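J.: Below is the file upload-v3.txt, which contains compact mmCIF, C-alpha atoms.
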# COMPACT_ATOMS: atom_id res chain seq x y z
CA ALA A 1 11.04 -35.07 -151.28
CA VAL A 2 9.89 -33.25 -148.15
CA ALA A 3 12.25 -30.34 -148.73
CA SER A 4 11.06 -30.04 -152.34
CA PHE A 5 7.45 -30.10 -151.17
CA VAL A 6 8.00 -27.39 -148.56
CA CYS A 7 9.90 -25.16 -151.02
CA GLY A 8 7.24 -25.62 -153.69
CA TYR A 9 4.45 -25.00 -151.19
CA PHE A 10 6.09 -21.79 -150.02
CA PHE A 11 6.64 -20.44 -153.54
CA ILE A 12 3.16 -21.32 -154.78
CA VAL A 13 1.17 -20.32 -151.70
CA GLY A 14 3.41 -17.52 -150.43
CA GLU A 15 2.96 -18.51 -146.81
CA VAL A 16 3.59 -21.69 -144.94
CA SER A 17 0.73 -22.97 -142.84
CA GLU A 18 2.26 -25.46 -140.45
CA ALA A 19 -0.82 -27.70 -140.45
CA TYR A 20 -0.90 -27.94 -144.25
CA VAL A 21 2.83 -28.64 -144.38
CA TRP A 22 2.33 -31.56 -142.00
CA TYR A 23 -0.61 -32.82 -144.06
CA GLY A 24 1.62 -32.68 -147.12
CA VAL A 25 4.40 -34.53 -145.32
CA ALA A 26 1.89 -37.20 -144.26
CA ALA A 27 0.66 -37.58 -147.85
CA LEU A 28 4.26 -37.88 -149.05
CA PHE A 29 4.97 -40.48 -146.36
CA PHE A 30 2.00 -42.62 -147.38
CA ALA A 31 2.75 -42.28 -151.11
CA HIS A 32 6.46 -43.04 -150.65
CA SER A 33 5.72 -46.04 -148.45
CA ALA A 34 3.23 -47.41 -150.98
CA THR A 35 5.69 -46.97 -153.83
CA THR A 36 8.55 -48.57 -151.93
CA LEU A 37 6.47 -51.56 -150.86
CA GLN A 38 5.09 -52.00 -154.40
CA ASN A 39 8.67 -52.05 -155.69
CA ASP A 40 9.57 -54.66 -153.08
CA VAL A 41 6.65 -56.83 -154.24
CA TYR A 42 7.83 -56.67 -157.86
CA ASP A 43 11.45 -57.33 -156.89
CA ALA A 44 10.77 -60.08 -154.31
CA ALA A 45 12.10 -62.93 -156.47
CA ILE A 46 15.22 -61.01 -157.48
CA ASP A 47 15.85 -59.94 -153.89
CA LYS A 48 15.47 -63.55 -152.73
CA ASP A 49 18.00 -64.71 -155.36
CA ASN A 50 20.39 -62.02 -154.14
CA LYS A 51 19.89 -63.22 -150.55
CA ARG A 52 18.38 -59.95 -149.40
CA LYS A 53 16.71 -60.19 -146.03
CA GLY A 54 13.19 -58.86 -145.68
CA LEU A 55 9.65 -59.72 -144.69
CA LEU A 56 8.69 -60.79 -148.21
CA GLN A 57 11.79 -62.92 -148.71
CA GLY A 58 11.50 -64.54 -145.28
CA GLY A 59 7.81 -65.38 -145.72
CA GLN A 60 6.62 -63.24 -142.81
CA LEU A 61 4.59 -61.11 -145.25
CA SER A 62 2.82 -62.58 -148.25
CA ALA A 63 2.75 -60.80 -151.60
CA GLU A 64 -1.04 -60.59 -151.40
CA ASP A 65 -0.92 -58.94 -147.98
CA ALA A 66 1.77 -56.55 -149.20
CA LYS A 67 -0.46 -55.58 -152.16
CA LYS A 68 -3.31 -54.87 -149.74
CA ILE A 69 -1.02 -52.67 -147.65
CA VAL A 70 0.03 -50.81 -150.82
CA LEU A 71 -3.64 -50.19 -151.59
CA TYR A 72 -4.35 -48.94 -148.05
CA LEU A 73 -1.31 -46.64 -148.09
CA SER A 74 -2.35 -45.24 -151.48
CA VAL A 75 -5.88 -44.59 -150.24
CA MET A 76 -4.48 -42.88 -147.15
CA ALA A 77 -2.29 -40.60 -149.31
CA LEU A 78 -5.26 -39.67 -151.48
CA ALA A 79 -7.50 -39.19 -148.45
CA VAL A 80 -5.06 -36.79 -146.79
CA VAL A 81 -4.81 -34.77 -150.00
CA ALA A 82 -8.58 -34.79 -150.55
CA LEU A 83 -9.43 -33.86 -146.97
CA THR A 84 -6.95 -31.01 -146.84
CA ASN A 85 -7.59 -29.64 -150.32
CA LYS A 86 -7.55 -25.88 -150.14
CA LYS A 87 -8.40 -23.72 -153.13
CA TYR A 88 -6.30 -20.63 -153.77
CA ASP A 89 -7.39 -17.62 -155.82
If you convert what's in this file into structure tokens, what do you get?
T.:
Amino acid sequence: AVASFVCGYFFIVGEVSEAYVWYGVAALFFAHSATTLQNDVYDAAIDKDNKRKGLLQGGQLSAEDAKKIVLYLSVMALAVVALTNKKYD
């Protein structure tokens, strides 16, 4: 995903600003983490039946807390994008 982002950024913008690339990588990190954790919340019962080890299956992290973390990660991804929004002519 990061390589695709950097290639797309370069072709659209025509130059690669290192700071904006890192902002984009951070936004991708937050969005990917939120998506992965949300998937783990939905699959918790199946993963437990399949004896997968994890925080949700072991009870160290509740589903409600995981949903809150997903929300926070999503907000962080949107905040990074909103705060670094640069208009191009």
J.: Determine, counting all atoms listed in the file, which protein, DNA and RNA residues have an atom within 8 Å of an atom of range 63-70 of chain A; residues of the same chain fewer than 4 positions away are not included. Present the result as a list of chain:residue names.
T.: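 Residues near the query, excluding close chain neighbours: A:Ser33, A:Ala34, A:Thr35, A:Leu37, A:Gln38, A:Val41, A:Leu56, A:Ser74.
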J.: Calculated over all atoms listed in the file, which of the candidates A:Leu73, A:Ile12, A:Leu61, A:Leu55 has the smallest distance to Ala26 in chain A?
T.: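 Counting all atoms listed in the file, the residue closest to Ala26 in chain A is A:Leu73.
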J.: One decimal, in Å: what's the spacing between CA of Tyr20 in chain A and CA of Ser4 in chain A?
T.: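 Taking CA of Tyr20 in chain A and CA of Ser4 in chain A, their separation equals 14.6 Å.
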J.: Could you tell me which of A:Phe5, A:Tyr42, A:Phe30, A:Trp22 comes closest to Ala79 in chain A if we count all atoms listed in the file?
T.: A:Phe30
J.: From the options A:Ala19, A:Leu71, A:Ala77, A:Ala45, which residue's atoms come nearest to Ala31 in chain A, counting all atoms listed in the file?
T.: A:Ala77
J.: To one decimal place, how far is CA of Tyr72 in chain A from CA of Gly58 in chain A in Å?
T.: 22.4 Å
J.: Which distance in Å separates CA of Ala27 in chain A and CA of Met76 in chain A, to one decimal?
T.: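 Pair CA of Ala27 in chain A / CA of Met76 in chain A returns 7.4 Å.
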J.: Please report, as lines of an AutoDock Vina configuration file, the centre and edge lengths in Å to one decimal of an axis-aligned box covering all listed atoms of range 30-39 of chain A with 8 Å per side.
T.:
center_x = 5.3
center_y = -47.2
center_z = -151.5
size_x = 22.7
size_y = 25.8
size_z = 24.3
